[in-house]
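J.: Sharing a structure, written as structure tokens. Questions coming.
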Number of protein chains: 2
Amino acid sequence: MVNKKKSTIKDIANVLGISPSAVSRALSDHPRISDKTKIAVRQVAENLNYQPNHLASALRKGKSNLVGVIVPRNNSNFFSSVLEKMEEVLDKNGYQIIITQSNESYKKECKSIDALLFSQVDGIIASMANETTNLEYYNKIKAKGVPLVLFDRGENDLNVDYVGIDDYLSSQLVVEHLVSQGCKRIAHIAGFSHTRIYKNRIRGYIDTLKKYNLPFNEELIIESNLRLNDGRAVMKKLLKLKERPDAVYAAGDYAALGALQVMQENNVRVPEDIALVGFSNEPFTSYIKPSISTIDQHSDKIGKIAAEAFLNRIKHPEIEVKLNKIILTPDLVIRESSNRKKFNN
Amino acid sequence: MVNKKKSTIKDIANVLGISPSAVSRALSDHPRISDKTKIAVRQVAENLNYQPNHLASALRKGKSNLVGVIVPRNNSNFFSSVLEKMEEVLDKNGYQIIITQSNESYKKECKSIDALLFSQVDGIIASMANETTNLEYYNKIKAKGVPLVLFDRGENDLNVDYVGIDDYLSSQLVVEHLVSQGCKRIAHIAGFSHTRIYKNRIRGYIDTLKKYNLPFNEELIIESNLRLNDGRAVMKKLLKLKERPDAVYAAGDYAALGALQVMQENNVRVPEDIALVGFSNEPFTSYIKPSISTIDQHSDKIGKIAAEAFLNRIKHPEIEVKLNKIILTPDLVIRESSNRKKFNN
DNA sequence: TAAATTTGTTCAAACGATTGAACAAAGATA
DNA sequence: TATCTTTGTTCAATCGTTTGAACAAATTTA
């Protein structure tokens, strides 16, 4: 018969006839405790199947060793890859992750923040929902003195640590590549410009067009939620233009996929008639025919750096919290959907 | 200047000149507290930006309102969809989820279990790693008296609640469908048979072949990890057989995709030369050309039912823990990769 | 040998919320 | 008016661990 009652530090103390504090110190390897006692305590702890009560120590120590992470959705490879790396780094430092999903909803995001603060997390690492424009809730985190790190989707106004890639440069890489493939009328399936990262991608797109003296055309840039169906809808509009584009740059891979489907349904050859580039390097972009060129965001690095930024804040609480941006350089992955010259590699 | 010190029940008591216990009862709407006091307490709590300390109440009450979830990986749509629904149901009942990933590794799974028990979770909902055959760690959960619910990947020997689909029936549906399409030599890219679900899929496959008097051929069934590259490798082997199969049933969508790639690279027409069916209804199966027929596992229902099974255990701890299987009926989603007759719908 | 230091341990007060029991005041009942 | 209930609150213990301070015993130093 298994004993279901959880054993405590007190039980160990009773067995050995010493005080609970001695046991506590023995378990945490306090220098003032004799080796003899330490060994005995560890032995008894093992026998009693002792499991320290995290709640009690967290309460006493004022820290839970829990880190809350908020992601818009975790079914994209980008986020699950970021999370995996984050977990790895934090785990090594004795922290555990609580993951919550905002599902791109502002309301859900607020609930997540409340839930995390309620759980007494020692910090929050978040990527903001698309919908979020009101920063009140994020300021609540700061007001509580809980370290906050943003990644991918962040807002400068919050003045906290941020990790992401250079979105402006990403667009520049994409447009320059398309230009090198001979494209002259480049359309952009954009994200909503109220979100900083999408605004930057739009800016990069427009500026680079100008740099190459290509006409910037209002009708070639359409903002959307970047889901598969948004990509489809936008592409249909683009195909209806009197003058079709000869390249499409989508600010998200799912939108790019939707666009590709519509092009294939309309017998548009990719990349010969219209070249296509996506964004995020979701795995499926390499699976399908034609494979889709895209921007790689270094998800593993982002996860690692965000976790380290948090750890740094914890280690040096004296350093004033201020905007501290870490911007990674994106990689353009050239695949079939935009490769007209057929490189030999 | 924002006050970063977190306010406690005591602070509220001080402001109002009442005792902390009165405040505690007021906040939990105790009938013996006057409405006047309740209103005043809520008012002050609001003003002080009071956030209850979950650790303290959890410690006192002996329950954390945390549920640990272990998934092999959360980058598949199946698991993220299960998780989403689980979270929804548990959230409504005041529980929060801590997600950990085993990455299909037994060692990581043990670490996850320890971490969750350490966090004093009130229960664990898990889908076992492929690698796991030793149930010692899962028994540890039971020994601690922590409710355990398994989903998708589970073991009967643990004698706990289990939610999953009927794997045997899934194979039956697939094989019958392929037979109806005129296929006679059906290969199976199988998962490792030491895992119960894959064993059942294999059994269903073999039995249904027999039912239709089709020859069962050892060389047509190959076990693997079911990743994309495994699918590729197995398909290459199958194509090298003197007598090629005319249908391939893969026990996972990624393996099916790998197989599809290899077939396309070898100019095998799908479904005309070889029909293909996958398993799990990952979104990409509907995106690609040809779209892949697959088995839908009702991920949302699984998430919901698993969460409810946990809640039920909590509500009725007196009921003896025993094997309680809930088996859902799978749906076969017929798409282009196996549809030779071209239905008109 | 007395005083100072080191070593190993215990004591008791925290951490913040909850809760059974106690109790005074107000209202109802006899 | 005396007694019983009800109402609204306080007291004090508790959950399991941590930690500053105290202290006795052993060891070193003067």
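Residues in the structure tokens are numbered from 1 in each chain, the chains being A, B, ... in the order shown, and ligands are numbered from 1 in the order shown.
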Env of region 216-223 of chain A: 6 Å cut, atoms = only C-alpha atoms (C1' of nucleotides), seq-sep filter 2 positions within chain, self excluded. Answer as a PyMOL selection string.
T.: chain A and resi 187-192
J.: Env of DA24 (chain D): 12 Å cut, atoms = only C-alpha atoms (C1' of nucleotides), seq-sep filter 5 positions within chain, self excluded. Answer as a PyMOL selection string.
T.: chain C and resi 7-10
J.: Take the residues that were just selected and, keeping N, CA and C atoms (P, O5', C5', C4', C3', O3' and C1' of nucleotides), output them as a PDB file, in the first residue's frame.
T.:
```
ATOM      1  P    DT C   7      34.894  26.519  11.020  1.00  0.00           P
ATOM      2  O5'  DT C   7      33.847  25.646  11.840  1.00  0.00           O
ATOM      3  C5'  DT C   7      34.330  24.702  12.800  1.00  0.00           C
ATOM      4  C4'  DT C   7      33.154  23.992  13.416  1.00  0.00           C
ATOM      5  C3'  DT C   7      32.068  23.573  12.430  1.00  0.00           C
ATOM      6  O3'  DT C   7      31.775  22.211  12.695  1.00  0.00           O
ATOM      7  C1'  DT C   7      31.116  24.745  14.255  1.00  0.00           C
ATOM      8  P    DG C   8      30.861  21.375  11.724  1.00  0.00           P
ATOM      9  O5'  DG C   8      29.504  21.417  12.547  1.00  0.00           O
ATOM     10  C5'  DG C   8      29.392  20.611  13.713  1.00  0.00           C
ATOM     11  C4'  DG C   8      28.029  20.822  14.310  1.00  0.00           C
ATOM     12  C3'  DG C   8      26.872  20.566  13.342  1.00  0.00           C
ATOM     13  O3'  DG C   8      25.989  19.649  13.981  1.00  0.00           O
ATOM     14  C1'  DG C   8      26.601  22.650  14.425  1.00  0.00           C
ATOM     15  P    DT C   9      24.753  19.061  13.173  1.00  0.00           P
ATOM     16  O5'  DT C   9      23.592  19.911  13.811  1.00  0.00           O
ATOM     17  C5'  DT C   9      23.422  19.819  15.242  1.00  0.00           C
ATOM     18  C4'  DT C   9      22.687  21.026  15.786  1.00  0.00           C
ATOM     19  C3'  DT C   9      21.254  21.188  15.312  1.00  0.00           C
ATOM     20  O3'  DT C   9      20.405  20.507  16.231  1.00  0.00           O
ATOM     21  C1'  DT C   9      22.371  23.272  15.752  1.00  0.00           C
ATOM     22  P    DT C  10      18.832  20.500  15.991  1.00  0.00           P
ATOM     23  O5'  DT C  10      18.432  21.800  16.827  1.00  0.00           O
ATOM     24  C5'  DT C  10      18.719  21.862  18.226  1.00  0.00           C
ATOM     25  C4'  DT C  10      18.208  23.180  18.777  1.00  0.00           C
ATOM     26  C3'  DT C  10      16.704  23.392  18.627  1.00  0.00           C
ATOM     27  O3'  DT C  10      16.203  23.925  19.846  1.00  0.00           O
ATOM     28  C1'  DT C  10      17.861  25.203  17.645  1.00  0.00           C
TER      29       DT C  10
END
```
J.: Contacts of Ala247 (chain B) at 8 Å or less, counting only C-alpha atoms (C1' of nucleotides), minus same-chain residues fewer than 3 places along, as a ChimeraX atom specification?
T.: /B:178,183-187,274-276
J.: Please save N, CA and C atoms of the selected residues as a PDB file, in the first residue's frame.
T.:
```pdb
ATOM      1  N   LEU B 178      -9.694   2.472 -49.375  1.00  0.00           N
ATOM      2  CA  LEU B 178      -8.734   2.185 -50.441  1.00  0.00           C
ATOM      3  C   LEU B 178      -9.219   1.022 -51.302  1.00  0.00           C
ATOM      4  N   CYS B 183      -7.928  -0.446 -54.905  1.00  0.00           N
ATOM      5  CA  CYS B 183      -6.562  -0.797 -54.549  1.00  0.00           C
ATOM      6  C   CYS B 183      -6.512  -2.241 -54.047  1.00  0.00           C
ATOM      7  N   LYS B 184      -5.413  -2.906 -54.379  1.00  0.00           N
ATOM      8  CA  LYS B 184      -5.286  -4.315 -54.021  1.00  0.00           C
ATOM      9  C   LYS B 184      -3.986  -4.620 -53.268  1.00  0.00           C
ATOM     10  N   ARG B 185      -2.994  -3.776 -53.467  1.00  0.00           N
ATOM     11  CA  ARG B 185      -1.713  -3.962 -52.764  1.00  0.00           C
ATOM     12  C   ARG B 185      -1.470  -2.732 -51.906  1.00  0.00           C
ATOM     13  N   ILE B 186      -1.931  -2.820 -50.677  1.00  0.00           N
ATOM     14  CA  ILE B 186      -1.895  -1.645 -49.797  1.00  0.00           C
ATOM     15  C   ILE B 186      -0.731  -1.735 -48.822  1.00  0.00           C
ATOM     16  N   ALA B 187       0.163  -0.758 -48.897  1.00  0.00           N
ATOM     17  CA  ALA B 187       1.310  -0.731 -47.976  1.00  0.00           C
ATOM     18  C   ALA B 187       0.973   0.106 -46.749  1.00  0.00           C
ATOM     19  N   ILE B 274      -0.546   5.259 -57.402  1.00  0.00           N
ATOM     20  CA  ILE B 274      -0.548   4.870 -55.987  1.00  0.00           C
ATOM     21  C   ILE B 274      -1.425   5.865 -55.231  1.00  0.00           C
ATOM     22  N   ALA B 275      -2.395   5.351 -54.504  1.00  0.00           N
ATOM     23  CA  ALA B 275      -3.246   6.209 -53.679  1.00  0.00           C
ATOM     24  C   ALA B 275      -2.573   6.403 -52.326  1.00  0.00           C
ATOM     25  N   LEU B 276      -2.870   7.511 -51.657  1.00  0.00           N
ATOM     26  CA  LEU B 276      -2.173   7.826 -50.402  1.00  0.00           C
ATOM     27  C   LEU B 276      -3.152   8.321 -49.344  1.00  0.00           C
TER      28      LEU B 276
END
```
J.: Produce the least-squares-superposed copy of chain A, fitted on chain B over all in-order C-alpha pairs, as a CSV table (one decimal) with C-alpha atoms, in the first residue's frame.
T.:
```csv
chain,number,residue,atom,x,y,z
A,1,MET,CA,5.5,57.4,-9.0
A,2,VAL,CA,4.0,54.0,-9.0
A,3,ASN,CA,4.1,52.0,-5.8
A,4,LYS,CA,5.7,48.7,-6.5
A,5,LYS,CA,5.2,47.1,-3.1
A,6,LYS,CA,2.4,44.6,-3.5
A,7,SER,CA,-0.5,45.2,-1.1
A,8,THR,CA,-1.8,42.4,1.0
A,9,ILE,CA,-5.0,41.6,2.8
A,10,LYS,CA,-3.4,43.1,5.9
A,11,ASP,CA,-3.1,46.5,4.3
A,12,ILE,CA,-6.7,46.5,3.4
A,13,ALA,CA,-7.5,45.5,7.0
A,14,ASN,CA,-5.4,48.4,8.3
A,15,VAL,CA,-7.1,51.0,6.1
A,16,LEU,CA,-10.5,49.9,7.3
A,17,GLY,CA,-9.6,49.2,10.9
A,18,ILE,CA,-10.9,45.6,10.7
A,19,SER,CA,-9.2,42.3,10.9
A,20,PRO,CA,-7.4,40.5,8.0
A,21,SER,CA,-9.8,37.6,8.4
A,22,ALA,CA,-12.8,39.8,7.9
A,23,VAL,CA,-11.1,41.0,4.7
A,24,SER,CA,-10.4,37.5,3.5
A,25,ARG,CA,-14.0,36.5,4.1
A,26,ALA,CA,-15.4,39.7,2.5
A,27,LEU,CA,-13.4,39.0,-0.6
A,28,SER,CA,-14.6,35.4,-0.8
A,29,ASP,CA,-18.2,36.6,-0.2
A,30,HIS,CA,-18.7,34.8,3.0
A,31,PRO,CA,-22.3,35.0,4.2
A,32,ARG,CA,-21.5,36.1,7.7
A,33,ILE,CA,-19.9,39.4,6.5
A,34,SER,CA,-22.2,42.4,6.2
A,35,ASP,CA,-22.8,43.9,2.8
A,36,LYS,CA,-21.5,47.2,4.1
A,37,THR,CA,-18.1,45.7,4.9
A,38,LYS,CA,-18.0,43.7,1.7
A,39,ILE,CA,-18.5,46.9,-0.3
A,40,ALA,CA,-15.9,48.8,1.7
A,41,VAL,CA,-13.4,46.0,1.3
A,42,ARG,CA,-13.8,45.7,-2.4
A,43,GLN,CA,-13.5,49.5,-2.7
A,44,VAL,CA,-10.2,49.6,-0.8
A,45,ALA,CA,-8.9,46.5,-2.6
A,46,GLU,CA,-9.5,48.3,-5.8
A,47,ASN,CA,-7.8,51.4,-4.7
A,48,LEU,CA,-4.7,49.6,-3.4
A,49,ASN,CA,-4.5,47.6,-6.6
A,50,TYR,CA,-4.7,44.5,-4.5
A,51,GLN,CA,-3.7,41.2,-6.1
A,52,PRO,CA,-4.3,38.1,-4.0
A,53,ASN,CA,-1.2,36.1,-3.5
A,54,HIS,CA,-1.9,32.8,-5.1
A,55,LEU,CA,1.0,31.1,-3.4
A,56,ALA,CA,-0.2,31.8,0.0
A,57,SER,CA,-3.7,30.7,-0.6
A,58,ALA,CA,-2.6,27.6,-2.5
A,59,LEU,CA,-0.3,26.7,0.4
A,60,ARG,CA,-3.1,27.1,2.9
A,61,LYS,CA,-5.7,25.4,0.9
A,62,GLY,CA,-3.5,22.6,-0.3
A,63,LYS,CA,-4.3,23.1,-3.9
A,64,SER,CA,-2.6,25.2,-6.5
A,65,ASN,CA,-5.3,25.3,-9.2
A,66,LEU,CA,-2.6,24.4,-11.7
A,67,VAL,CA,-2.9,21.6,-14.1
A,68,GLY,CA,0.2,20.2,-15.8
A,69,VAL,CA,0.0,19.1,-19.4
A,70,ILE,CA,2.7,17.1,-21.1
A,71,VAL,CA,2.8,16.9,-24.9
A,72,PRO,CA,5.4,15.2,-27.1
A,73,ARG,CA,5.7,18.4,-29.2
A,74,ASN,CA,3.4,21.3,-29.6
A,75,ASN,CA,4.2,22.2,-33.1
A,76,SER,CA,1.7,19.8,-34.6
A,77,ASN,CA,-1.8,21.2,-35.1
A,78,PHE,CA,-3.2,18.2,-33.3
A,79,PHE,CA,-1.6,19.1,-30.0
A,80,SER,CA,-2.0,22.8,-30.2
A,81,SER,CA,-5.7,22.3,-31.0
A,82,VAL,CA,-6.1,19.9,-28.1
A,83,LEU,CA,-4.4,22.4,-25.8
A,84,GLU,CA,-6.5,25.3,-26.9
A,85,LYS,CA,-9.7,23.4,-26.0
A,86,MET,CA,-8.3,22.1,-22.8
A,87,GLU,CA,-7.3,25.5,-21.7
A,88,GLU,CA,-10.8,26.8,-22.5
A,89,VAL,CA,-12.5,24.2,-20.3
A,90,LEU,CA,-10.1,24.4,-17.4
A,91,ASP,CA,-10.1,28.1,-17.4
A,92,LYS,CA,-13.8,28.2,-16.9
A,93,ASN,CA,-13.2,26.1,-13.8
A,94,GLY,CA,-10.6,28.3,-12.3
A,95,TYR,CA,-7.6,26.1,-13.4
A,96,GLN,CA,-4.5,27.2,-15.2
A,97,ILE,CA,-2.4,25.1,-17.5
A,98,ILE,CA,1.4,24.6,-17.3
A,99,ILE,CA,2.5,23.1,-20.6
A,100,THR,CA,5.7,21.1,-20.9
A,101,GLN,CA,7.1,19.4,-24.0
A,102,SER,CA,8.8,16.0,-23.8
A,103,ASN,CA,10.1,16.3,-27.4
A,104,GLU,CA,9.4,12.6,-27.7
A,105,SER,CA,12.2,11.9,-25.2
A,106,TYR,CA,11.7,9.7,-22.2
A,107,LYS,CA,14.3,11.5,-20.2
A,108,LYS,CA,12.7,14.9,-20.9
A,109,GLU,CA,9.4,13.4,-20.0
A,110,CYS,CA,10.7,12.4,-16.6
A,111,LYS,CA,12.1,15.8,-16.0
A,112,SER,CA,8.7,17.3,-17.0
A,113,ILE,CA,6.9,15.1,-14.5
A,114,ASP,CA,9.3,16.1,-11.7
A,115,ALA,CA,8.9,19.8,-12.6
A,116,LEU,CA,5.2,19.6,-12.6
A,117,LEU,CA,5.0,17.7,-9.3
A,118,PHE,CA,7.4,20.2,-7.9
A,119,SER,CA,5.0,23.0,-8.9
A,120,GLN,CA,2.3,21.3,-6.9
A,121,VAL,CA,0.0,20.8,-9.8
A,122,ASP,CA,-3.4,19.5,-8.9
A,123,GLY,CA,-3.3,17.1,-11.8
A,124,ILE,CA,-1.5,16.0,-14.9
A,125,ILE,CA,-2.9,15.5,-18.3
A,126,ALA,CA,-0.4,13.8,-20.6
A,127,SER,CA,0.3,12.3,-24.0
A,128,MET,CA,3.2,9.9,-23.7
A,129,ALA,CA,6.4,10.3,-25.7
A,130,ASN,CA,7.0,7.8,-28.4
A,131,GLU,CA,10.1,6.6,-26.6
A,132,THR,CA,8.4,5.8,-23.3
A,133,THR,CA,8.0,2.2,-22.4
A,134,ASN,CA,9.0,2.4,-18.7
A,135,LEU,CA,6.0,3.5,-16.7
A,136,GLU,CA,7.8,4.0,-13.4
A,137,TYR,CA,7.6,7.8,-13.6
A,138,TYR,CA,3.9,7.7,-14.4
A,139,ASN,CA,3.4,5.5,-11.4
A,140,LYS,CA,5.1,8.1,-9.3
A,141,ILE,CA,2.4,10.5,-10.2
A,142,LYS,CA,-0.3,8.0,-9.1
A,143,ALA,CA,1.7,7.2,-6.0
A,144,LYS,CA,1.6,10.9,-5.0
A,145,GLY,CA,-2.2,10.8,-5.4
A,146,VAL,CA,-2.1,13.3,-8.2
A,147,PRO,CA,-4.9,12.7,-10.7
A,148,LEU,CA,-3.6,11.6,-14.1
A,149,VAL,CA,-5.4,11.7,-17.4
A,150,LEU,CA,-3.8,10.4,-20.6
A,151,PHE,CA,-4.8,11.2,-24.1
A,152,ASP,CA,-3.9,10.1,-27.6
A,153,ARG,CA,-0.8,8.1,-26.5
A,154,GLY,CA,-1.6,6.1,-23.3
A,155,GLU,CA,-1.0,2.8,-21.7
A,156,ASN,CA,-3.7,0.5,-20.4
A,157,ASP,CA,-1.4,-0.8,-17.7
A,158,LEU,CA,-1.5,2.5,-15.9
A,159,ASN,CA,-5.2,2.1,-15.1
A,160,VAL,CA,-6.1,5.8,-15.4
A,161,ASP,CA,-8.5,7.8,-17.4
A,162,TYR,CA,-7.8,7.8,-21.1
A,163,VAL,CA,-9.2,9.7,-24.1
A,164,GLY,CA,-8.4,8.8,-27.6
A,165,ILE,CA,-9.8,7.7,-30.9
A,166,ASP,CA,-10.4,4.2,-32.1
A,167,ASP,CA,-7.2,3.4,-33.9
A,168,TYR,CA,-8.3,0.0,-35.0
A,169,LEU,CA,-11.4,1.4,-36.6
A,170,SER,CA,-9.3,4.2,-38.2
A,171,SER,CA,-7.3,1.6,-40.1
A,172,GLN,CA,-10.4,-0.2,-41.0
A,173,LEU,CA,-11.9,2.9,-42.5
A,174,VAL,CA,-8.8,3.7,-44.4
A,175,VAL,CA,-8.3,0.2,-45.8
A,176,GLU,CA,-12.0,-0.2,-46.8
A,177,HIS,CA,-11.8,3.2,-48.5
A,178,LEU,CA,-8.7,2.1,-50.5
A,179,VAL,CA,-10.4,-1.2,-51.4
A,180,SER,CA,-13.4,0.8,-52.7
A,181,GLN,CA,-11.0,2.7,-54.9
A,182,GLY,CA,-9.8,-0.5,-56.4
A,183,CYS,CA,-6.5,-0.9,-54.5
A,184,LYS,CA,-5.3,-4.4,-54.0
A,185,ARG,CA,-1.7,-4.1,-52.7
A,186,ILE,CA,-1.9,-1.7,-49.8
A,187,ALA,CA,1.3,-0.8,-47.9
A,188,HIS,CA,1.4,0.6,-44.4
A,189,ILE,CA,4.0,3.1,-43.2
A,190,ALA,CA,3.5,2.2,-39.5
A,191,GLY,CA,4.5,3.7,-36.2
A,192,PHE,CA,6.5,1.5,-33.8
A,193,SER,CA,4.4,-1.3,-32.6
A,194,HIS,CA,5.5,-1.0,-29.0
A,195,THR,CA,3.3,2.0,-28.8
A,196,ARG,CA,-0.3,0.9,-28.2
A,197,ILE,CA,-1.9,3.3,-30.7
A,198,TYR,CA,0.4,2.2,-33.5
A,199,LYS,CA,0.0,-1.4,-32.7
A,200,ASN,CA,-3.8,-1.0,-33.0
A,201,ARG,CA,-3.5,0.7,-36.3
A,202,ILE,CA,-1.4,-2.2,-37.5
A,203,ARG,CA,-3.9,-4.7,-36.2
A,204,GLY,CA,-6.7,-2.9,-37.9
A,205,TYR,CA,-4.8,-2.8,-41.1
A,206,ILE,CA,-4.0,-6.5,-41.1
A,207,ASP,CA,-7.4,-7.6,-40.0
A,208,THR,CA,-9.2,-5.5,-42.7
A,209,LEU,CA,-6.9,-6.8,-45.4
A,210,LYS,CA,-7.9,-10.3,-44.4
A,211,LYS,CA,-11.6,-9.4,-44.3
A,212,TYR,CA,-11.3,-8.4,-48.0
A,213,ASN,CA,-9.2,-11.4,-48.8
A,214,LEU,CA,-6.2,-9.3,-49.7
A,215,PRO,CA,-2.8,-10.8,-49.3
A,216,PHE,CA,-0.9,-9.6,-46.2
A,217,ASN,CA,2.7,-9.1,-47.1
A,218,GLU,CA,5.5,-8.6,-44.6
A,219,GLU,CA,7.4,-6.4,-46.9
A,220,LEU,CA,4.5,-3.9,-47.3
A,221,ILE,CA,4.5,-2.9,-43.6
A,222,ILE,CA,7.4,-0.9,-42.3
A,223,GLU,CA,7.7,0.7,-38.8
A,224,SER,CA,9.3,4.1,-38.3
A,225,ASN,CA,9.2,7.3,-36.3
A,226,LEU,CA,6.8,8.7,-38.9
A,227,ARG,CA,8.7,11.9,-39.5
A,228,LEU,CA,8.9,13.4,-42.9
A,229,ASN,CA,12.2,11.9,-43.6
A,230,ASP,CA,11.1,8.5,-42.3
A,231,GLY,CA,8.2,8.7,-44.8
A,232,ARG,CA,10.7,9.4,-47.6
A,233,ALA,CA,13.0,6.6,-46.7
A,234,VAL,CA,10.2,4.0,-46.4
A,235,MET,CA,8.6,5.1,-49.7
A,236,LYS,CA,12.0,4.7,-51.5
A,237,LYS,CA,12.1,1.2,-50.2
A,238,LEU,CA,8.5,0.5,-51.3
A,239,LEU,CA,9.2,1.8,-54.8
A,240,LYS,CA,12.2,-0.6,-55.1
A,241,LEU,CA,10.0,-3.7,-54.6
A,242,LYS,CA,9.7,-5.9,-57.6
A,243,GLU,CA,6.0,-5.6,-57.1
A,244,ARG,CA,5.0,-2.0,-56.1
A,245,PRO,CA,2.0,-1.3,-53.9
A,246,ASP,CA,-1.0,0.4,-55.4
A,247,ALA,CA,-1.8,2.3,-52.2
A,248,VAL,CA,0.1,3.6,-49.2
A,249,TYR,CA,-1.5,4.2,-45.8
A,250,ALA,CA,0.8,6.1,-43.5
A,251,ALA,CA,0.1,6.3,-39.8
A,252,GLY,CA,1.1,9.9,-39.7
A,253,ASP,CA,0.6,12.9,-42.0
A,254,TYR,CA,4.3,14.0,-42.1
A,255,ALA,CA,5.3,10.5,-43.1
A,256,ALA,CA,2.6,10.6,-45.8
A,257,LEU,CA,4.0,13.9,-47.0
A,258,GLY,CA,7.5,12.4,-47.3
A,259,ALA,CA,6.1,9.5,-49.2
A,260,LEU,CA,4.2,11.9,-51.5
A,261,GLN,CA,7.4,13.8,-52.2
A,262,VAL,CA,9.3,10.7,-53.2
A,263,MET,CA,6.4,9.5,-55.4
A,264,GLN,CA,6.3,12.9,-57.2
A,265,GLU,CA,10.1,12.8,-57.6
A,266,ASN,CA,9.8,9.4,-59.3
A,267,ASN,CA,6.9,10.4,-61.5
A,268,VAL,CA,4.5,8.2,-59.8
A,269,ARG,CA,0.9,9.5,-60.2
A,270,VAL,CA,-1.1,10.0,-57.1
A,271,PRO,CA,-3.7,8.6,-56.8
A,272,GLU,CA,-3.8,6.9,-60.2
A,273,ASP,CA,-0.7,4.8,-59.7
A,274,ILE,CA,-0.5,4.8,-56.0
A,275,ALA,CA,-3.2,6.1,-53.7
A,276,LEU,CA,-2.2,7.7,-50.4
A,277,VAL,CA,-3.8,8.2,-47.0
A,278,GLY,CA,-2.3,9.9,-44.0
A,279,PHE,CA,-3.3,10.3,-40.3
A,280,SER,CA,-4.1,13.2,-38.1
A,281,ASN,CA,-5.5,15.8,-40.5
A,282,GLU,CA,-2.7,18.3,-40.1
A,283,PRO,CA,-3.6,21.5,-41.9
A,284,PHE,CA,-1.0,21.1,-44.6
A,285,THR,CA,-2.7,18.0,-45.9
A,286,SER,CA,-5.4,20.2,-47.3
A,287,TYR,CA,-3.0,22.8,-48.6
A,288,ILE,CA,-0.8,20.8,-50.9
A,289,LYS,CA,-1.3,19.4,-54.3
A,290,PRO,CA,-2.6,16.8,-54.4
A,291,SER,CA,-4.4,17.2,-51.1
A,292,ILE,CA,-3.9,14.2,-48.8
A,293,SER,CA,-6.7,12.0,-47.5
A,294,THR,CA,-6.3,11.5,-43.8
A,295,ILE,CA,-8.0,10.6,-40.5
A,296,ASP,CA,-9.4,13.3,-38.3
A,297,GLN,CA,-8.9,12.7,-34.6
A,298,HIS,CA,-11.4,15.3,-33.3
A,299,SER,CA,-8.7,17.1,-31.5
A,300,ASP,CA,-11.0,19.7,-30.0
A,301,LYS,CA,-13.2,17.0,-28.5
A,302,ILE,CA,-10.2,15.2,-27.1
A,303,GLY,CA,-9.0,18.3,-25.4
A,304,LYS,CA,-12.4,19.0,-23.9
A,305,ILE,CA,-13.0,15.4,-22.7
A,306,ALA,CA,-9.6,15.1,-21.2
A,307,ALA,CA,-10.1,18.3,-19.2
A,308,GLU,CA,-13.5,17.2,-18.1
A,309,ALA,CA,-12.1,13.8,-17.0
A,310,PHE,CA,-9.6,15.7,-14.8
A,311,LEU,CA,-12.3,17.9,-13.4
A,312,ASN,CA,-14.4,14.8,-12.6
A,313,ARG,CA,-11.6,13.2,-10.7
A,314,ILE,CA,-11.1,16.3,-8.6
A,315,LYS,CA,-14.8,16.5,-7.9
A,316,HIS,CA,-15.2,12.9,-7.0
A,317,PRO,CA,-11.9,11.8,-5.3
A,318,GLU,CA,-13.8,9.0,-3.6
A,319,ILE,CA,-14.3,7.1,-6.8
A,320,GLU,CA,-11.7,4.5,-7.2
A,321,VAL,CA,-9.1,5.2,-9.9
A,322,LYS,CA,-9.4,2.6,-12.6
A,323,LEU,CA,-9.0,2.3,-16.3
A,324,ASN,CA,-11.7,4.5,-17.8
A,325,LYS,CA,-11.3,4.7,-21.6
A,326,ILE,CA,-13.2,7.1,-23.7
A,327,ILE,CA,-12.8,6.2,-27.3
A,328,LEU,CA,-13.9,8.5,-30.0
A,329,THR,CA,-14.9,7.5,-33.5
A,330,PRO,CA,-12.5,8.8,-36.1
A,331,ASP,CA,-13.5,10.5,-39.3
A,332,LEU,CA,-11.9,9.6,-42.7
A,333,VAL,CA,-11.4,12.8,-44.7
A,334,ILE,CA,-11.2,11.8,-48.4
A,335,ARG,CA,-9.1,14.1,-50.5
A,336,GLU,CA,-7.4,14.0,-53.9
A,337,SER,CA,-4.6,11.7,-52.9
A,338,SER,CA,-6.8,8.7,-52.7
A,339,ASN,CA,-9.9,9.7,-54.7
A,340,ARG,CA,-9.7,7.9,-58.0
A,341,LYS,CA,-13.4,8.1,-58.8
A,342,LYS,CA,-13.6,11.9,-58.5
A,343,PHE,CA,-16.7,12.4,-56.5
A,344,ASN,CA,-18.8,15.4,-57.4
A,345,ASN,CA,-19.3,17.4,-54.3
```
J.: For chain B, work out the contacting residues on chain C at 12 Å, counting only C-alpha atoms (C1' of nucleotides), and write them as a list of chain:residue names.
T.: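 Using only C-alpha atoms (C1' of nucleotides), chain C residues at most 12 Å from chain B: C:DC15, C:DG16, C:DA17, C:DT18, C:DT19.
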J.: Have a look at C1' of DG8 (chain D) and C1' of DT29 (chain C) and let me know their distance in Å, one decimal.
T.: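 Atom-to-atom, C1' of DG8 (chain D) to C1' of DT29 (chain C), that is 21.1 Å.
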J.: DSSP says strand (DSSP E or B) for which residues of region 46-208 of chain A? Put them as a count of residues only?
T.: 31
J.: Check every residue of chain D for an atom within 8 Å of chain B, counting only C-alpha atoms (C1' of nucleotides), and provide those that qualify as a list in words.
T.: DT7, DG8, DT9, DT10, DT14, DC15 and DG16 of chain D
